[in-house]
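S.K.: My questions will all concern the structure given below.
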Amino acid sequence: MAGSATASAVEAPWMTGVDGRADAGPRVAALDRSALTTGAADQVAALIARATGSSCGLVHFVDGDRLVLYGGHGLRSLREEYADIPIARTLGGLVVEADAEVAVEDLTADERVPGTSPIRRHGVRGAYLGRPIRDEQGAILGVCCAVATRPRTWTAEDRAAVAEAAQVGTLLITEQLARHEVDRQRRFLDAVLDSLHDGVTACDANGRIVLVNSRMQALWGAARIPGELDDGNAIPGLTDGHGDPVRPDDISLYRALRGERVRDHELVLSRRGSRTRYYVVDATPIVGPDGRTVGAVQAVQDVTRRKRAERFRTCQLNVITALAEAPSVEAAGPRILEAIVSTLGWTHAELWLVDESAGVVRPAARWSIPGWDARIEIPGELPYGTGLAGRAWLAGKPLWIRDVGLPQSLISPATAEGSQLHAALAIPVRHGLETVAVLTVFADTPEGPDDELVALMSGLAAHIGQFVERRMVEDLQRQLTRTKNEYLALIGHELRTPLTSIGAYTELLREADEKTLVQDGPAMLEVIDRNTTQLRHIISELLELSALDTGHASVQLAPLDLAELVREAVAATRTAVADEPLTIEADLPEHLVLPGDRRRLRQVVDNLLGNAVKYSPDGGRVAVTLRADGRAAELSVSDTGIGVAPEEREKMFAGLYRTSRARDRAIPGSGLGLTLSRAVVQRHHGSIQLTGHDGPGTTVLVRLPLDER
């Protein structure tokens, strides 16, 4: 076994390292160090040592131009010397280069032992028996060897033992490589599965869950992931697309395990305290080589955003339809709220209308899901900045409350507890820069802010605001048309009649003789003067109304005592009707100060009192009441006269309109008084209206803000 030829062969290219060329030596398989682990290799090395009666057994694998210790026995303190050594000029390198067994009976005398070998460097005496470890294709994976502490002759049994150890090493390394490859592929698979947007779950043939990717874990959330399909945690809160609870046998993965291929199975997950989620599931059986089902896998896609977008579109369509078919926002309110509650999954909704003059919001509509039996108390009004609706009006932007049951939630504790409501959202409805209404919606679970939902609700509020603006434009168009007609009627009657009288009496005066002028002249001049005064009054009111409407007439706001102003107007009216069978009663506070234009507000009060007197030709009672109502002053003037039909009440403020009862009784008037009064009140940010009245007569209600706007 000793010979210079072999030694010189080893000295040729191999002693400088493996260069990978096909003609440079034996074929060596490339190994990844991370693929091999020790433990079992140490046992193989121990078997080699025992089977050959040697003091040491070693198992190396080839890593490029290095020999890396895979398993060792009997090395003791020299283990580090053999852990990672160059393959060149080593006994292991001889085995690799020779591609065959290498047996050295005396390490100190055999010339094949390289001088750089750790054995030679440490002066190890004894013998060496090494054999290559190959893979299934015959390429060299490594070297296993036995080292004796004294020279010896290796027997056939020794050689057979090392050869068998090399075969065991082949099996061991092959198995480790296979495990490493399986682990590597599994890691790749896990990475791919974890990168998916779908949740993936797999089970074995017995229904045990064996794979859950990170997305599926996120879908389960805080719930415990079931260990098997029979686990009750697999289906809590699950319903199908029709709302029916999902039974264990209906689970997509279970159906696939029974051999069914499931496609687009819709599921809905509803849990208290969290938003409803929507899923689409595909599931398929896993079939083994023998055609038997060895498991099943399912992919779960979260389609909540898509479903939500569909519901949003449906909700918008329903709201637009409700607005298109309603004559007013009050009439459309219930249908709007029903669309919002039913399509967006809320529990309760309210629509509040802003009363700018009174500084309050009042409920115009409400809607709750059918069967909701909780006690939801809604106040008759909320002052500016108070409550959820009032605070949204003040803020002028959406307000989201996670739970109305928490302190400082803008909802009274009693209402929050009795209503069983939690999350709340308030959206101002704007007309231009002014808030005209507030939309509030409530859920039965606490929820954090949802930007998409806020954006949708803001869009719905914009539709409502556009509806209000469109209705105002349409009302204005109708009013303009009616005003044009009424102006023509005014020209034809209210102006032509006094002009006719003036012209007629002027002609009579011109043609009268001296005696007639002396006898009838003063009466004729009085008629001319009276009609001239009437014309002047009508023209003055028209000019005043036009100036107020166009903003050319200034309204000077300053603190004034409205109670004193009304008291003076009542006293003046009592003096004017002292000889008539009419009683004027006043219920006034001592003082009520607000910002206003004294001259113009006195004009309003005089108009109201004048109308009450004029439309009570047969006597009766006029009642004047002034009081503070919240952040507004409320003035009402009632009479027991001829009254106004309900369908004509709003027309009274259109300008130049006279009721049929006034026309039938030939009661004089231009129909401009209430129109002018409304213009003045609106410039004070107030409101004026004819309200219901018990018995005969009319009540006019004026509301003016107590605070400057």
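Following the order of the structure tokens, chains are lettered A, B, ..., residues in each are numbered from 1, and ligands are numbered from 1.
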Got a sec to tell me which of range 333-467 of chain A DSSP assigns to helix (DSSP H, G or I), as a PDB file with N, CA, C and O atoms, in the first residue's frame?
M.R.:
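This is the output file result.pdb:
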ATOM      1  N   GLY A 333     -86.902  62.012   5.137  1.00  0.00           N
ATOM      2  CA  GLY A 333     -86.118  61.571   6.284  1.00  0.00           C
ATOM      3  C   GLY A 333     -86.248  60.105   6.646  1.00  0.00           C
ATOM      4  O   GLY A 333     -85.242  59.389   6.737  1.00  0.00           O
ATOM      5  N   PRO A 334     -87.475  59.581   6.871  1.00  0.00           N
ATOM      6  CA  PRO A 334     -87.588  58.167   7.258  1.00  0.00           C
ATOM      7  C   PRO A 334     -86.995  57.206   6.231  1.00  0.00           C
ATOM      8  O   PRO A 334     -86.333  56.229   6.599  1.00  0.00           O
ATOM      9  N   ARG A 335     -87.211  57.469   4.949  1.00  0.00           N
ATOM     10  CA  ARG A 335     -86.665  56.573   3.917  1.00  0.00           C
ATOM     11  C   ARG A 335     -85.146  56.675   3.851  1.00  0.00           C
ATOM     12  O   ARG A 335     -84.455  55.673   3.622  1.00  0.00           O
ATOM     13  N   ILE A 336     -84.611  57.866   4.055  1.00  0.00           N
ATOM     14  CA  ILE A 336     -83.157  58.028   4.070  1.00  0.00           C
ATOM     15  C   ILE A 336     -82.548  57.215   5.210  1.00  0.00           C
ATOM     16  O   ILE A 336     -81.584  56.465   5.029  1.00  0.00           O
ATOM     17  N   LEU A 337     -83.108  57.352   6.399  1.00  0.00           N
ATOM     18  CA  LEU A 337     -82.576  56.645   7.557  1.00  0.00           C
ATOM     19  C   LEU A 337     -82.746  55.141   7.411  1.00  0.00           C
ATOM     20  O   LEU A 337     -81.867  54.361   7.815  1.00  0.00           O
ATOM     21  N   GLU A 338     -83.865  54.709   6.849  1.00  0.00           N
ATOM     22  CA  GLU A 338     -84.071  53.276   6.629  1.00  0.00           C
ATOM     23  C   GLU A 338     -83.005  52.723   5.691  1.00  0.00           C
ATOM     24  O   GLU A 338     -82.451  51.637   5.928  1.00  0.00           O
ATOM     25  N   ALA A 339     -82.697  53.460   4.628  1.00  0.00           N
ATOM     26  CA  ALA A 339     -81.671  53.013   3.686  1.00  0.00           C
ATOM     27  C   ALA A 339     -80.322  52.908   4.371  1.00  0.00           C
ATOM     28  O   ALA A 339     -79.573  51.939   4.165  1.00  0.00           O
ATOM     29  N   ILE A 340     -79.988  53.868   5.206  1.00  0.00           N
ATOM     30  CA  ILE A 340     -78.691  53.862   5.885  1.00  0.00           C
ATOM     31  C   ILE A 340     -78.602  52.718   6.876  1.00  0.00           C
ATOM     32  O   ILE A 340     -77.622  51.964   6.910  1.00  0.00           O
ATOM     33  N   VAL A 341     -79.627  52.565   7.694  1.00  0.00           N
ATOM     34  CA  VAL A 341     -79.596  51.525   8.738  1.00  0.00           C
ATOM     35  C   VAL A 341     -79.601  50.130   8.133  1.00  0.00           C
ATOM     36  O   VAL A 341     -78.821  49.255   8.525  1.00  0.00           O
ATOM     37  N   SER A 342     -80.471  49.903   7.137  1.00  0.00           N
ATOM     38  CA  SER A 342     -80.637  48.547   6.611  1.00  0.00           C
ATOM     39  C   SER A 342     -79.473  48.108   5.740  1.00  0.00           C
ATOM     40  O   SER A 342     -79.124  46.919   5.725  1.00  0.00           O
ATOM     41  N   THR A 343     -78.840  49.015   5.015  1.00  0.00           N
ATOM     42  CA  THR A 343     -77.785  48.599   4.088  1.00  0.00           C
ATOM     43  C   THR A 343     -76.390  48.678   4.682  1.00  0.00           C
ATOM     44  O   THR A 343     -75.481  47.994   4.219  1.00  0.00           O
ATOM     45  N   LEU A 344     -76.187  49.489   5.708  1.00  0.00           N
ATOM     46  CA  LEU A 344     -74.850  49.647   6.267  1.00  0.00           C
ATOM     47  C   LEU A 344     -74.661  48.905   7.578  1.00  0.00           C
ATOM     48  O   LEU A 344     -73.578  48.950   8.157  1.00  0.00           O
ATOM     49  N   GLY A 387     -75.216  67.866  23.230  1.00  0.00           N
ATOM     50  CA  GLY A 387     -75.555  66.573  22.673  1.00  0.00           C
ATOM     51  C   GLY A 387     -74.739  66.291  21.423  1.00  0.00           C
ATOM     52  O   GLY A 387     -73.962  67.120  20.935  1.00  0.00           O
ATOM     53  N   LEU A 388     -74.922  65.090  20.878  1.00  0.00           N
ATOM     54  CA  LEU A 388     -74.145  64.692  19.706  1.00  0.00           C
ATOM     55  C   LEU A 388     -74.490  65.548  18.494  1.00  0.00           C
ATOM     56  O   LEU A 388     -73.606  66.057  17.797  1.00  0.00           O
ATOM     57  N   ALA A 389     -75.790  65.730  18.220  1.00  0.00           N
ATOM     58  CA  ALA A 389     -76.190  66.526  17.057  1.00  0.00           C
ATOM     59  C   ALA A 389     -75.800  67.992  17.230  1.00  0.00           C
ATOM     60  O   ALA A 389     -75.299  68.628  16.289  1.00  0.00           O
ATOM     61  N   GLY A 390     -76.014  68.542  18.431  1.00  0.00           N
ATOM     62  CA  GLY A 390     -75.659  69.934  18.670  1.00  0.00           C
ATOM     63  C   GLY A 390     -74.163  70.172  18.599  1.00  0.00           C
ATOM     64  O   GLY A 390     -73.705  71.214  18.109  1.00  0.00           O
ATOM     65  N   ARG A 391     -73.357  69.199  19.065  1.00  0.00           N
ATOM     66  CA  ARG A 391     -71.907  69.352  18.997  1.00  0.00           C
ATOM     67  C   ARG A 391     -71.411  69.244  17.558  1.00  0.00           C
ATOM     68  O   ARG A 391     -70.478  69.959  17.169  1.00  0.00           O
ATOM     69  N   ALA A 392     -72.028  68.371  16.759  1.00  0.00           N
ATOM     70  CA  ALA A 392     -71.648  68.280  15.348  1.00  0.00           C
ATOM     71  C   ALA A 392     -71.974  69.574  14.616  1.00  0.00           C
ATOM     72  O   ALA A 392     -71.221  70.017  13.738  1.00  0.00           O
ATOM     73  N   TRP A 393     -73.097  70.204  14.964  1.00  0.00           N
ATOM     74  CA  TRP A 393     -73.444  71.507  14.380  1.00  0.00           C
ATOM     75  C   TRP A 393     -72.390  72.542  14.758  1.00  0.00           C
ATOM     76  O   TRP A 393     -71.928  73.329  13.921  1.00  0.00           O
ATOM     77  N   LEU A 394     -71.978  72.532  16.013  1.00  0.00           N
ATOM     78  CA  LEU A 394     -70.961  73.472  16.484  1.00  0.00           C
ATOM     79  C   LEU A 394     -69.620  73.222  15.800  1.00  0.00           C
ATOM     80  O   LEU A 394     -68.958  74.161  15.332  1.00  0.00           O
ATOM     81  N   ALA A 395     -69.210  71.944  15.734  1.00  0.00           N
ATOM     82  CA  ALA A 395     -67.899  71.617  15.165  1.00  0.00           C
ATOM     83  C   ALA A 395     -67.867  71.811  13.655  1.00  0.00           C
ATOM     84  O   ALA A 395     -66.822  72.137  13.086  1.00  0.00           O
ATOM     85  N   PRO A 413     -75.839  59.542  30.272  1.00  0.00           N
ATOM     86  CA  PRO A 413     -75.662  58.156  30.731  1.00  0.00           C
ATOM     87  C   PRO A 413     -76.965  57.362  30.725  1.00  0.00           C
ATOM     88  O   PRO A 413     -76.973  56.186  30.369  1.00  0.00           O
ATOM     89  N   ALA A 414     -78.076  58.000  31.122  1.00  0.00           N
ATOM     90  CA  ALA A 414     -79.354  57.278  31.158  1.00  0.00           C
ATOM     91  C   ALA A 414     -79.777  56.859  29.758  1.00  0.00           C
ATOM     92  O   ALA A 414     -80.220  55.730  29.534  1.00  0.00           O
ATOM     93  N   THR A 415     -79.635  57.768  28.779  1.00  0.00           N
ATOM     94  CA  THR A 415     -80.002  57.439  27.404  1.00  0.00           C
ATOM     95  C   THR A 415     -79.094  56.354  26.851  1.00  0.00           C
ATOM     96  O   THR A 415     -79.553  55.419  26.176  1.00  0.00           O
ATOM     97  N   ALA A 416     -77.788  56.465  27.119  1.00  0.00           N
ATOM     98  CA  ALA A 416     -76.847  55.470  26.605  1.00  0.00           C
ATOM     99  C   ALA A 416     -77.144  54.091  27.169  1.00  0.00           C
ATOM    100  O   ALA A 416     -77.117  53.083  26.447  1.00  0.00           O
ATOM    101  N   GLU A 417     -77.459  54.021  28.472  1.00  0.00           N
ATOM    102  CA  GLU A 417     -77.738  52.729  29.092  1.00  0.00           C
ATOM    103  C   GLU A 417     -79.049  52.143  28.602  1.00  0.00           C
ATOM    104  O   GLU A 417     -79.149  50.952  28.303  1.00  0.00           O
ATOM    105  N   GLY A 418     -80.069  52.966  28.502  1.00  0.00           N
ATOM    106  CA  GLY A 418     -81.370  52.453  28.099  1.00  0.00           C
ATOM    107  C   GLY A 418     -81.446  52.076  26.639  1.00  0.00           C
ATOM    108  O   GLY A 418     -82.179  51.162  26.262  1.00  0.00           O
ATOM    109  N   SER A 419     -80.675  52.769  25.785  1.00  0.00           N
ATOM    110  CA  SER A 419     -80.763  52.518  24.344  1.00  0.00           C
ATOM    111  C   SER A 419     -79.981  51.301  23.909  1.00  0.00           C
ATOM    112  O   SER A 419     -80.214  50.766  22.827  1.00  0.00           O
ATOM    113  N   ASP A 451     -62.667  55.460   8.380  1.00  0.00           N
ATOM    114  CA  ASP A 451     -62.566  56.561   7.421  1.00  0.00           C
ATOM    115  C   ASP A 451     -63.466  56.350   6.209  1.00  0.00           C
ATOM    116  O   ASP A 451     -64.059  57.300   5.686  1.00  0.00           O
ATOM    117  N   GLU A 452     -63.576  55.104   5.747  1.00  0.00           N
ATOM    118  CA  GLU A 452     -64.422  54.834   4.581  1.00  0.00           C
ATOM    119  C   GLU A 452     -65.885  55.143   4.883  1.00  0.00           C
ATOM    120  O   GLU A 452     -66.598  55.735   4.066  1.00  0.00           O
ATOM    121  N   LEU A 453     -66.320  54.738   6.073  1.00  0.00           N
ATOM    122  CA  LEU A 453     -67.713  54.981   6.449  1.00  0.00           C
ATOM    123  C   LEU A 453     -67.973  56.472   6.635  1.00  0.00           C
ATOM    124  O   LEU A 453     -69.023  56.986   6.228  1.00  0.00           O
ATOM    125  N   VAL A 454     -67.024  57.168   7.226  1.00  0.00           N
ATOM    126  CA  VAL A 454     -67.180  58.616   7.391  1.00  0.00           C
ATOM    127  C   VAL A 454     -67.278  59.287   6.024  1.00  0.00           C
ATOM    128  O   VAL A 454     -68.097  60.186   5.809  1.00  0.00           O
ATOM    129  N   ALA A 455     -66.441  58.834   5.070  1.00  0.00           N
ATOM    130  CA  ALA A 455     -66.487  59.410   3.727  1.00  0.00           C
ATOM    131  C   ALA A 455     -67.835  59.147   3.067  1.00  0.00           C
ATOM    132  O   ALA A 455     -68.417  60.033   2.417  1.00  0.00           O
ATOM    133  N   LEU A 456     -68.353  57.921   3.230  1.00  0.00           N
ATOM    134  CA  LEU A 456     -69.658  57.602   2.639  1.00  0.00           C
ATOM    135  C   LEU A 456     -70.750  58.468   3.252  1.00  0.00           C
ATOM    136  O   LEU A 456     -71.561  59.068   2.540  1.00  0.00           O
ATOM    137  N   MET A 457     -70.785  58.546   4.588  1.00  0.00           N
ATOM    138  CA  MET A 457     -71.826  59.321   5.253  1.00  0.00           C
ATOM    139  C   MET A 457     -71.715  60.804   4.884  1.00  0.00           C
ATOM    140  O   MET A 457     -72.725  61.493   4.742  1.00  0.00           O
ATOM    141  N   SER A 458     -70.491  61.288   4.719  1.00  0.00           N
ATOM    142  CA  SER A 458     -70.319  62.676   4.285  1.00  0.00           C
ATOM    143  C   SER A 458     -70.881  62.861   2.880  1.00  0.00           C
ATOM    144  O   SER A 458     -71.482  63.904   2.571  1.00  0.00           O
ATOM    145  N   GLY A 459     -70.694  61.850   2.027  1.00  0.00           N
ATOM    146  CA  GLY A 459     -71.277  61.920   0.690  1.00  0.00           C
ATOM    147  C   GLY A 459     -72.792  61.924   0.723  1.00  0.00           C
ATOM    148  O   GLY A 459     -73.437  62.681  -0.025  1.00  0.00           O
ATOM    149  N   LEU A 460     -73.371  61.093   1.583  1.00  0.00           N
ATOM    150  CA  LEU A 460     -74.835  61.091   1.722  1.00  0.00           C
ATOM    151  C   LEU A 460     -75.332  62.439   2.247  1.00  0.00           C
ATOM    152  O   LEU A 460     -76.365  62.952   1.794  1.00  0.00           O
ATOM    153  N   ALA A 461     -74.596  62.995   3.210  1.00  0.00           N
ATOM    154  CA  ALA A 461     -74.976  64.314   3.725  1.00  0.00           C
ATOM    155  C   ALA A 461     -74.905  65.365   2.622  1.00  0.00           C
ATOM    156  O   ALA A 461     -75.741  66.284   2.569  1.00  0.00           O
ATOM    157  N   ALA A 462     -73.909  65.224   1.733  1.00  0.00           N
ATOM    158  CA  ALA A 462     -73.812  66.166   0.614  1.00  0.00           C
ATOM    159  C   ALA A 462     -75.017  66.043  -0.310  1.00  0.00           C
ATOM    160  O   ALA A 462     -75.535  67.052  -0.813  1.00  0.00           O
ATOM    161  N   HIS A 463     -75.496  64.800  -0.545  1.00  0.00           N
ATOM    162  CA  HIS A 463     -76.703  64.610  -1.356  1.00  0.00           C
ATOM    163  C   HIS A 463     -77.908  65.307  -0.709  1.00  0.00           C
ATOM    164  O   HIS A 463     -78.700  65.955  -1.398  1.00  0.00           O
ATOM    165  N   ILE A 464     -78.019  65.144   0.608  1.00  0.00           N
ATOM    166  CA  ILE A 464     -79.136  65.782   1.308  1.00  0.00           C
ATOM    167  C   ILE A 464     -79.006  67.303   1.214  1.00  0.00           C
ATOM    168  O   ILE A 464     -79.996  68.017   0.988  1.00  0.00           O
ATOM    169  N   GLY A 465     -77.770  67.814   1.395  1.00  0.00           N
ATOM    170  CA  GLY A 465     -77.559  69.248   1.277  1.00  0.00           C
ATOM    171  C   GLY A 465     -77.896  69.773  -0.116  1.00  0.00           C
ATOM    172  O   GLY A 465     -78.501  70.837  -0.260  1.00  0.00           O
ATOM    173  N   GLN A 466     -77.520  69.010  -1.155  1.00  0.00           N
ATOM    174  CA  GLN A 466     -77.869  69.404  -2.518  1.00  0.00           C
ATOM    175  C   GLN A 466     -79.379  69.392  -2.725  1.00  0.00           C
ATOM    176  O   GLN A 466     -79.929  70.242  -3.435  1.00  0.00           O
ATOM    177  N   PHE A 467     -80.037  68.409  -2.094  1.00  0.00           N
ATOM    178  CA  PHE A 467     -81.498  68.343  -2.188  1.00  0.00           C
ATOM    179  C   PHE A 467     -82.115  69.596  -1.574  1.00  0.00           C
ATOM    180  O   PHE A 467     -83.016  70.221  -2.152  1.00  0.00           O
TER     181      PHE A 467
END
S.K.: Can you pull out every residue from range 201-384 of chain A that DSSP, working from the backbone, puts in strand (DSSP E), and format the result as an MDAnalysis selection string?
M.R.: chainID A and resid 201:204 209:212 238:240 262:269 277:287 293:302 348:355 360:368 382:383
S.K.: Report the distance between CA of Glu105 in chain A and CA of Arg66 in chain A in Å, rounded to one decimal place.
M.R.: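 Computing the Euclidean distance for CA of Glu105 in chain A and CA of Arg66 in chain A yields 24.9 Å.
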S.K.: Could you list, as a list in words, every residue within 12 Å of Arg599 in chain A, counting only C-alpha atoms and ignoring same-chain residues fewer than 3 positions away?
M.R.: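 The filter keeps Ser554, Val555, Gln556, Leu557, Ala558, Leu560, Leu562, Leu565, Val566, Ala569, Gly596, Arg602, Gln603, Val604, Val605, Asp606 and Val680 of chain A.
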S.K.: Deliver the residues from the most recent selection as a file, using all heavy atoms, as a tab-separated table (two decimals), in the first residue's frame.
M.R.:
chain	number	residue	atom	x	y	z
A	554	SER	N	-79.26	98.39	5.17
A	554	SER	CA	-78.43	98.00	6.29
A	554	SER	C	-79.29	97.66	7.50
A	554	SER	O	-80.33	98.27	7.73
A	554	SER	CB	-77.45	99.12	6.65
A	554	SER	OG	-78.16	100.28	7.03
A	555	VAL	N	-78.83	96.67	8.26
A	555	VAL	CA	-79.46	96.30	9.52
A	555	VAL	C	-78.42	96.50	10.61
A	555	VAL	O	-77.41	95.78	10.65
A	555	VAL	CB	-79.97	94.85	9.50
A	555	VAL	CG1	-80.50	94.45	10.87
A	555	VAL	CG2	-81.03	94.67	8.43
A	556	GLN	N	-78.61	97.50	11.45
A	556	GLN	CA	-77.64	97.85	12.47
A	556	GLN	C	-78.00	97.12	13.77
A	556	GLN	O	-78.97	97.45	14.44
A	556	GLN	CB	-77.65	99.37	12.70
A	556	GLN	CG	-77.36	100.19	11.45
A	556	GLN	CD	-75.96	99.94	10.90
A	556	GLN	OE1	-75.04	99.66	11.66
A	556	GLN	NE2	-75.82	100.06	9.59
A	557	LEU	N	-77.20	96.10	14.10
A	557	LEU	CA	-77.47	95.32	15.31
A	557	LEU	C	-76.81	95.98	16.50
A	557	LEU	O	-75.62	96.32	16.47
A	557	LEU	CB	-76.93	93.90	15.14
A	557	LEU	CG	-77.53	93.06	14.00
A	557	LEU	CD1	-76.95	91.66	14.00
A	557	LEU	CD2	-79.04	92.99	14.12
A	558	ALA	N	-77.59	96.14	17.53
A	558	ALA	CA	-77.10	96.71	18.78
A	558	ALA	C	-77.97	96.15	19.90
A	558	ALA	O	-79.13	95.77	19.68
A	558	ALA	CB	-77.17	98.23	18.75
A	560	LEU	N	-80.65	95.71	22.46
A	560	LEU	CA	-81.91	96.43	22.70
A	560	LEU	C	-82.80	95.57	23.58
A	560	LEU	O	-82.70	94.34	23.59
A	560	LEU	CB	-82.60	96.79	21.39
A	560	LEU	CG	-83.14	95.68	20.50
A	560	LEU	CD1	-84.56	95.28	20.89
A	560	LEU	CD2	-83.14	96.11	19.04
A	562	LEU	N	-86.06	94.07	23.89
A	562	LEU	CA	-87.21	93.75	23.06
A	562	LEU	C	-88.51	93.88	23.85
A	562	LEU	O	-89.55	94.25	23.28
A	562	LEU	CB	-87.06	92.33	22.48
A	562	LEU	CG	-88.13	91.89	21.48
A	562	LEU	CD1	-88.13	92.81	20.26
A	562	LEU	CD2	-87.91	90.43	21.06
A	565	LEU	N	-89.52	97.44	23.68
A	565	LEU	CA	-89.98	97.78	22.33
A	565	LEU	C	-91.40	97.29	22.10
A	565	LEU	O	-92.26	98.02	21.58
A	565	LEU	CB	-89.01	97.19	21.30
A	565	LEU	CG	-89.26	97.50	19.83
A	565	LEU	CD1	-87.93	97.54	19.07
A	565	LEU	CD2	-90.16	96.44	19.19
A	566	VAL	N	-91.68	96.03	22.48
A	566	VAL	CA	-93.02	95.47	22.28
A	566	VAL	C	-94.03	96.20	23.15
A	566	VAL	O	-95.17	96.46	22.74
A	566	VAL	CB	-93.02	93.95	22.58
A	566	VAL	CG1	-94.43	93.39	22.52
A	566	VAL	CG2	-92.10	93.21	21.62
A	569	ALA	N	-94.98	99.36	21.40
A	569	ALA	CA	-95.83	99.10	20.24
A	569	ALA	C	-97.25	98.74	20.67
A	569	ALA	O	-98.24	99.19	20.06
A	569	ALA	CB	-95.23	97.98	19.39
A	596	GLY	N	-80.26	93.66	17.92
A	596	GLY	CA	-81.23	93.91	16.87
A	596	GLY	C	-81.23	95.36	16.42
A	596	GLY	O	-80.63	96.24	17.06
A	602	ARG	N	-89.20	97.29	15.35
A	602	ARG	CA	-90.45	97.98	15.69
A	602	ARG	C	-91.40	97.94	14.49
A	602	ARG	O	-92.62	97.77	14.65
A	602	ARG	CB	-90.14	99.44	16.06
A	602	ARG	CG	-91.39	100.30	16.31
A	602	ARG	CD	-92.21	99.75	17.49
A	602	ARG	NE	-93.46	100.47	17.62
A	602	ARG	CZ	-93.62	101.55	18.41
A	602	ARG	NH1	-92.60	102.03	19.12
A	602	ARG	NH2	-94.80	102.13	18.49
A	603	GLN	N	-90.84	98.02	13.29
A	603	GLN	CA	-91.65	97.91	12.08
A	603	GLN	C	-92.32	96.54	12.01
A	603	GLN	O	-93.51	96.43	11.65
A	603	GLN	CB	-90.76	98.13	10.85
A	603	GLN	CG	-91.48	98.17	9.53
A	603	GLN	CD	-90.51	98.41	8.37
A	603	GLN	OE1	-89.30	98.31	8.54
A	603	GLN	NE2	-91.06	98.72	7.21
A	604	VAL	N	-91.59	95.48	12.39
A	604	VAL	CA	-92.16	94.13	12.38
A	604	VAL	C	-93.30	94.02	13.38
A	604	VAL	O	-94.40	93.52	13.07
A	604	VAL	CB	-91.06	93.08	12.69
A	604	VAL	CG1	-91.68	91.70	12.90
A	604	VAL	CG2	-90.03	93.03	11.57
A	605	VAL	N	-93.06	94.49	14.62
A	605	VAL	CA	-94.09	94.38	15.66
A	605	VAL	C	-95.33	95.19	15.26
A	605	VAL	O	-96.47	94.75	15.45
A	605	VAL	CB	-93.53	94.85	17.02
A	605	VAL	CG1	-94.62	94.82	18.09
A	605	VAL	CG2	-92.36	93.97	17.43
A	606	ASP	N	-95.11	96.38	14.72
A	606	ASP	CA	-96.25	97.19	14.29
A	606	ASP	C	-97.03	96.49	13.18
A	606	ASP	O	-98.28	96.55	13.15
A	606	ASP	CB	-95.76	98.56	13.80
A	606	ASP	CG	-95.31	99.46	14.94
A	606	ASP	OD1	-95.70	99.17	16.09
A	606	ASP	OD2	-94.58	100.43	14.68
A	680	VAL	N	-86.96	91.22	7.36
A	680	VAL	CA	-86.28	91.84	8.50
A	680	VAL	C	-85.85	90.77	9.50
A	680	VAL	O	-84.71	90.77	10.00
A	680	VAL	CB	-87.20	92.88	9.17
A	680	VAL	CG1	-86.58	93.37	10.48
A	680	VAL	CG2	-87.44	94.04	8.24
S.K.: May I ask which of the residues A:Ala563, A:Ile209, A:Glu81, A:Glu111 is the closest one to Leu594 in chain A, counting only C-alpha atoms?
M.R.: A:Ala563
S.K.: Give me, as a PyMOL selection string, all polymer residues having an atom no more than 9 Å from Leu58 in chain A, counting only C-alpha atoms and skipping those fewer than 3 positions away in the same chain.
M.R.: chain A and resi 41-42+44-46+48-49+69-75+82+143-147
S.K.: Compare A:Leu601, A:Ala512, A:Val287, A:Val527 by their minimum atom-to-atom distance to Thr500 in chain A, counting only C-alpha atoms, and give me the closest one.
M.R.: A:Val527
S.K.: Considering only C-alpha atoms, state which residue in the set A:Arg292, A:Arg313, A:Lys397, A:Arg89 is at the smallest distance from Leu433 in chain A.
M.R.: A:Lys397
